[in-house]
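A.B. asks: Here you go, one structure.
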Amino acid sequence: MVKVAVLGASGGIGQPLSLLLKLNECVTELSLYDIVNSPGVAADLGHINTPARVTGYLPADEGLKHALTKAHLVVIPAGVPRKPGMTRDDLFKINAGIVRDLATGIAQHAPNAYVLIISNPVNSTVPIVVEVLKKHGVFDPKKIFGVTTLDVIRASTFSSEISCKDPRDIRVPVVGGHSGPTIVPLLSQISPPQSFTQEQIEKLTHRIQYGGDEVVKAKDGAGSATLSMAQAGARFASSILDATVKGKAGIIEPSYVYLEADNEHCANLKKAVEGLEYFSYNVELGPGGIHKIHGLGEISEHEKKLLAAAIPELKLSIEKGISFINSKL
Ligand code: NAI
């Protein structure tokens, strides 16, 4: 039995993400929670002839509790998206409280679940979830993931436009966080290897960092990336299920995660990023969630500068998330 819960399932990301999860044959129960319309989305998806039984819950009648109980995996795309001119950090005021309340539900009703956080600003919402779980004594650093997969997908798509290769075959590690200057694509480590001119590197880097703005602008007030984000979220969820349910080894997905102080791999990485508690790296998944967090490897001078610019901004976002919980609970 593999129950997956989507919190914020009726939204622009939530609906197509739930559709893609309904098509994942590893899922036997798909539980959809939102403050509006989730029973409707569940009824609609429930007619698709794949194994997952679909249920929809609203806040009334302990809906969050029922949605979460016995969940193996919880995906959170709940919260408001950006409008033109807004940064992800502008969403903090509304989304921080939403994510805190959902994390409290997870701590109470699904304390052993793997949790994927999509809600922005990811750089702060992941620390919020972690602080809530810590307060309830149920935090497992190997199970909490900030979803940065869309940056990785964009990096391969945009790079392929220069190299004219199939984007599915291109991998670019994207490290740091998930907002503008904290998104650090390591183009020097592109696979298969590819050399770019400095001008191409600068343009590509900027496009990967601000790719989300292209969508926000094109949607002209109707929101941010939803369909590409749904695909990215479903890919990440599928990787987690492959590792934790099917026992597949060697799956690597970049993700924004908590760096444990007493973990040997993390200790080296923490030093490289000036002691930050959270950072996005290539994460190797295993049966218990995070198996190993890979290091930065050799990075170019240009990438060192990008990293140096990312670190102070990440530090502020992390502190903002942590203090939001510690001053409010
Ligand atoms: P949306 O507004 O279309 O959907 C959000 C959904 O959350 C709505 O259905 C709403 O009813 C629901 N919701 C609000 N409060 C809730 C609560 N307390 N409990 C449960 N559900 C609640 O927004 P969209 O476009 O789906 O974006 C969702 C979030 O994902 C935003 O914060 C956005 O910035 C973020 N995002 C993250 C990306 C990433 O790469 N991590 C990429 C794109 C968007």
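Order determines the names: the first chain of the structure tokens is A, the second B, and so forth; residues in each chain are numbered 1 upward, and ligands are numbered 1 upward as they are shown.
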What's the 7 Å shell around stretch 6-23 of chain A, counting only C-alpha atoms, without same-chain residues fewer than 6 positions away, as a list of chain:residue names?
C.D. replies: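 Residues meeting the cut-off are A:Leu30, A:Ser31, A:Leu32, A:Tyr33, A:Asp34, A:Val36, A:Asn37, A:Ser38, A:Val41, A:Leu45, A:Thr50, A:Ala52, A:Val74, A:Val75, A:Ile76, A:Pro77, A:Ala78, A:Thr226, A:Leu227, A:Met229, A:Ala230, A:Gln231, A:Gly233, A:Ala234.
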A.B. asks: I want to know what sits within 12 Å of A:Ala155, based on only C-alpha atoms, with residues of the same chain fewer than 4 positions away left out; could you give that as a PyMOL selection string?
C.D. replies: chain A and resi 148-151+159-162+167-175+183-187+189-191+201+203-212
A.B. asks: Write out as a ChimeraX atom specification all residues of stretch 124-277 of chain A that DSSP puts in alpha helix (DSSP H) for this structure's backbone.
C.D. replies: /A:124-135,149-163,198-209,211-219,227-244,264-272
A.B. asks: For the residues in the current selection, export C-alpha atoms as a JSON list (two decimals), in the first residue's frame.
C.D. replies:
```
[["chain", "number", "residue", "atom", "x", "y", "z"],
["A", 124, "SER", "CA", 12.46, 29.53, 3.64],
["A", 125, "THR", "CA", 9.55, 27.07, 3.54],
["A", 126, "VAL", "CA", 11.84, 24.03, 3.92],
["A", 127, "PRO", "CA", 13.34, 25.43, 7.17],
["A", 128, "ILE", "CA", 9.77, 26.17, 8.32],
["A", 129, "VAL", "CA", 8.73, 22.53, 7.85],
["A", 130, "VAL", "CA", 11.90, 21.29, 9.54],
["A", 131, "GLU", "CA", 11.43, 23.58, 12.56],
["A", 132, "VAL", "CA", 7.82, 22.44, 12.99],
["A", 133, "LEU", "CA", 8.82, 18.76, 12.80],
["A", 134, "LYS", "CA", 11.68, 19.38, 15.25],
["A", 135, "LYS", "CA", 9.29, 20.99, 17.72],
["A", 149, "THR", "CA", 13.80, 19.93, -10.01],
["A", 150, "LEU", "CA", 12.29, 22.62, -12.23],
["A", 151, "ASP", "CA", 15.61, 24.50, -12.23],
["A", 152, "VAL", "CA", 17.35, 21.31, -13.33],
["A", 153, "ILE", "CA", 14.79, 20.67, -16.06],
["A", 154, "ARG", "CA", 15.11, 24.24, -17.30],
["A", 155, "ALA", "CA", 18.91, 23.94, -17.30],
["A", 156, "SER", "CA", 18.82, 20.92, -19.60],
["A", 157, "THR", "CA", 16.16, 22.42, -21.87],
["A", 158, "PHE", "CA", 17.93, 25.78, -22.26],
["A", 159, "SER", "CA", 21.37, 24.15, -22.72],
["A", 160, "SER", "CA", 19.99, 21.86, -25.41],
["A", 161, "GLU", "CA", 18.93, 24.90, -27.42],
["A", 162, "ILE", "CA", 22.63, 25.74, -27.79],
["A", 163, "SER", "CA", 24.03, 22.23, -28.16],
["A", 198, "GLN", "CA", 31.90, 32.98, -21.60],
["A", 199, "GLU", "CA", 29.06, 34.95, -23.20],
["A", 200, "GLN", "CA", 26.98, 31.79, -23.62],
["A", 201, "ILE", "CA", 27.69, 30.78, -20.00],
["A", 202, "GLU", "CA", 26.55, 34.16, -18.70],
["A", 203, "LYS", "CA", 23.38, 34.21, -20.80],
["A", 204, "LEU", "CA", 22.50, 30.61, -19.96],
["A", 205, "THR", "CA", 23.15, 31.14, -16.26],
["A", 206, "HIS", "CA", 20.90, 34.19, -16.20],
["A", 207, "ARG", "CA", 18.15, 32.37, -18.10],
["A", 208, "ILE", "CA", 18.26, 29.39, -15.71],
["A", 209, "GLN", "CA", 18.21, 31.70, -12.68],
["A", 211, "GLY", "CA", 13.48, 31.22, -16.17],
["A", 212, "GLY", "CA", 10.51, 31.39, -13.80],
["A", 213, "ASP", "CA", 10.12, 35.10, -14.65],
["A", 214, "GLU", "CA", 9.62, 34.23, -18.34],
["A", 215, "VAL", "CA", 6.54, 32.23, -17.40],
["A", 216, "VAL", "CA", 5.24, 34.79, -14.89],
["A", 217, "LYS", "CA", 5.55, 37.51, -17.55],
["A", 218, "ALA", "CA", 3.94, 35.43, -20.30],
["A", 219, "LYS", "CA", 1.03, 34.47, -18.03],
["A", 227, "LEU", "CA", 2.54, 22.54, -15.95],
["A", 228, "SER", "CA", 6.35, 22.32, -16.09],
["A", 229, "MET", "CA", 6.38, 22.40, -12.27],
["A", 230, "ALA", "CA", 3.85, 19.57, -12.12],
["A", 231, "GLN", "CA", 6.09, 17.47, -14.36],
["A", 232, "ALA", "CA", 9.12, 18.34, -12.25],
["A", 233, "GLY", "CA", 7.27, 17.50, -9.01],
["A", 234, "ALA", "CA", 5.98, 14.22, -10.43],
["A", 235, "ARG", "CA", 9.49, 13.27, -11.57],
["A", 236, "PHE", "CA", 10.90, 13.94, -8.12],
["A", 237, "ALA", "CA", 8.03, 12.06, -6.41],
["A", 238, "SER", "CA", 8.54, 9.14, -8.78],
["A", 239, "SER", "CA", 12.28, 9.05, -7.92],
["A", 240, "ILE", "CA", 11.44, 9.00, -4.19],
["A", 241, "LEU", "CA", 8.98, 6.13, -4.73],
["A", 242, "ASP", "CA", 11.47, 4.23, -6.90],
["A", 243, "ALA", "CA", 14.09, 4.47, -4.13],
["A", 244, "THR", "CA", 11.90, 4.00, -1.05],
["A", 264, "GLU", "CA", 30.62, 13.18, 7.40],
["A", 265, "HIS", "CA", 29.54, 14.15, 3.84],
["A", 266, "CYS", "CA", 27.56, 17.13, 5.08],
["A", 267, "ALA", "CA", 30.41, 18.37, 7.25],
["A", 268, "ASN", "CA", 32.62, 18.89, 4.19],
["A", 269, "LEU", "CA", 29.84, 20.52, 2.24],
["A", 270, "LYS", "CA", 28.90, 22.77, 5.12],
["A", 271, "LYS", "CA", 32.46, 24.04, 5.19],
["A", 272, "ALA", "CA", 32.32, 24.78, 1.45]]
```
A.B. asks: Taking into account only C-alpha atoms and all ligand atoms, which residue in the set A:Ser119, A:Thr182, A:Thr87, A:Asn24 is nearest to ligand 1?
C.D. replies: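 Of A:Ser119, A:Thr182, A:Thr87, A:Asn24, the one nearest ligand 1 is A:Ser119, counting only C-alpha atoms and all ligand atoms.
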A.B. asks: Quick one: DSSP strand (DSSP E) residues in stretch 115-226 of chain A, as a list of chain:residue names?
C.D. replies: A:Val115, A:Leu116, A:Ile117, A:Ile144, A:Phe145, A:Gly146, A:Val174, A:Val175, A:Gly176, A:Ile183, A:Val184, A:Pro185
A.B. asks: Write out the residues from the selection above, keeping N, CA and C atoms, as an mmCIF file, in the first residue's frame.
C.D. replies:
```
data_model
loop_
_atom_site.group_PDB
_atom_site.id
_atom_site.type_symbol
_atom_site.label_atom_id
_atom_site.label_comp_id
_atom_site.auth_asym_id
_atom_site.auth_seq_id
_atom_site.Cartn_x
_atom_site.Cartn_y
_atom_site.Cartn_z
ATOM 1 N N VAL A 115 8.553 14.127 2.721
ATOM 2 C CA VAL A 115 7.834 15.381 2.443
ATOM 3 C C VAL A 115 8.551 16.164 1.345
ATOM 4 N N LEU A 116 7.823 16.496 0.292
ATOM 5 C CA LEU A 116 8.377 17.293 -0.818
ATOM 6 C C LEU A 116 7.719 18.669 -0.793
ATOM 7 N N ILE A 117 8.534 19.706 -0.653
ATOM 8 C CA ILE A 117 7.982 21.058 -0.516
ATOM 9 C C ILE A 117 8.189 21.836 -1.816
ATOM 10 N N ILE A 144 13.114 15.032 4.256
ATOM 11 C CA ILE A 144 12.511 16.333 3.913
ATOM 12 C C ILE A 144 13.256 16.943 2.719
ATOM 13 N N PHE A 145 12.510 17.308 1.680
ATOM 14 C CA PHE A 145 13.130 17.762 0.430
ATOM 15 C C PHE A 145 12.458 19.030 -0.101
ATOM 16 N N GLY A 146 13.256 20.030 -0.434
ATOM 17 C CA GLY A 146 12.747 21.175 -1.176
ATOM 18 C C GLY A 146 12.892 20.848 -2.661
ATOM 19 N N VAL A 174 22.397 21.733 -10.629
ATOM 20 C CA VAL A 174 22.033 23.091 -10.200
ATOM 21 C C VAL A 174 22.045 23.066 -8.674
ATOM 22 N N VAL A 175 22.883 23.899 -8.082
ATOM 23 C CA VAL A 175 23.047 23.865 -6.628
ATOM 24 C C VAL A 175 22.603 25.211 -6.029
ATOM 25 N N GLY A 176 22.596 25.282 -4.691
ATOM 26 C CA GLY A 176 22.266 26.549 -4.027
ATOM 27 C C GLY A 176 20.881 26.518 -3.438
ATOM 28 N N ILE A 183 20.123 30.389 -7.309
ATOM 29 C CA ILE A 183 20.131 29.248 -8.243
ATOM 30 C C ILE A 183 21.482 29.264 -8.957
ATOM 31 N N VAL A 184 22.296 28.246 -8.702
ATOM 32 C CA VAL A 184 23.661 28.230 -9.257
ATOM 33 C C VAL A 184 23.852 27.016 -10.170
ATOM 34 N N PRO A 185 23.704 27.225 -11.489
ATOM 35 C CA PRO A 185 23.917 26.104 -12.399
ATOM 36 C C PRO A 185 25.413 25.862 -12.608
#
```
A.B. asks: Choose the residue, out of A:Glu319, A:Asp166, A:Asp89, A:Asp262, that has the smallest atom-to-atom separation from ligand 1; count only C-alpha atoms and all ligand atoms.
C.D. replies: A:Asp89
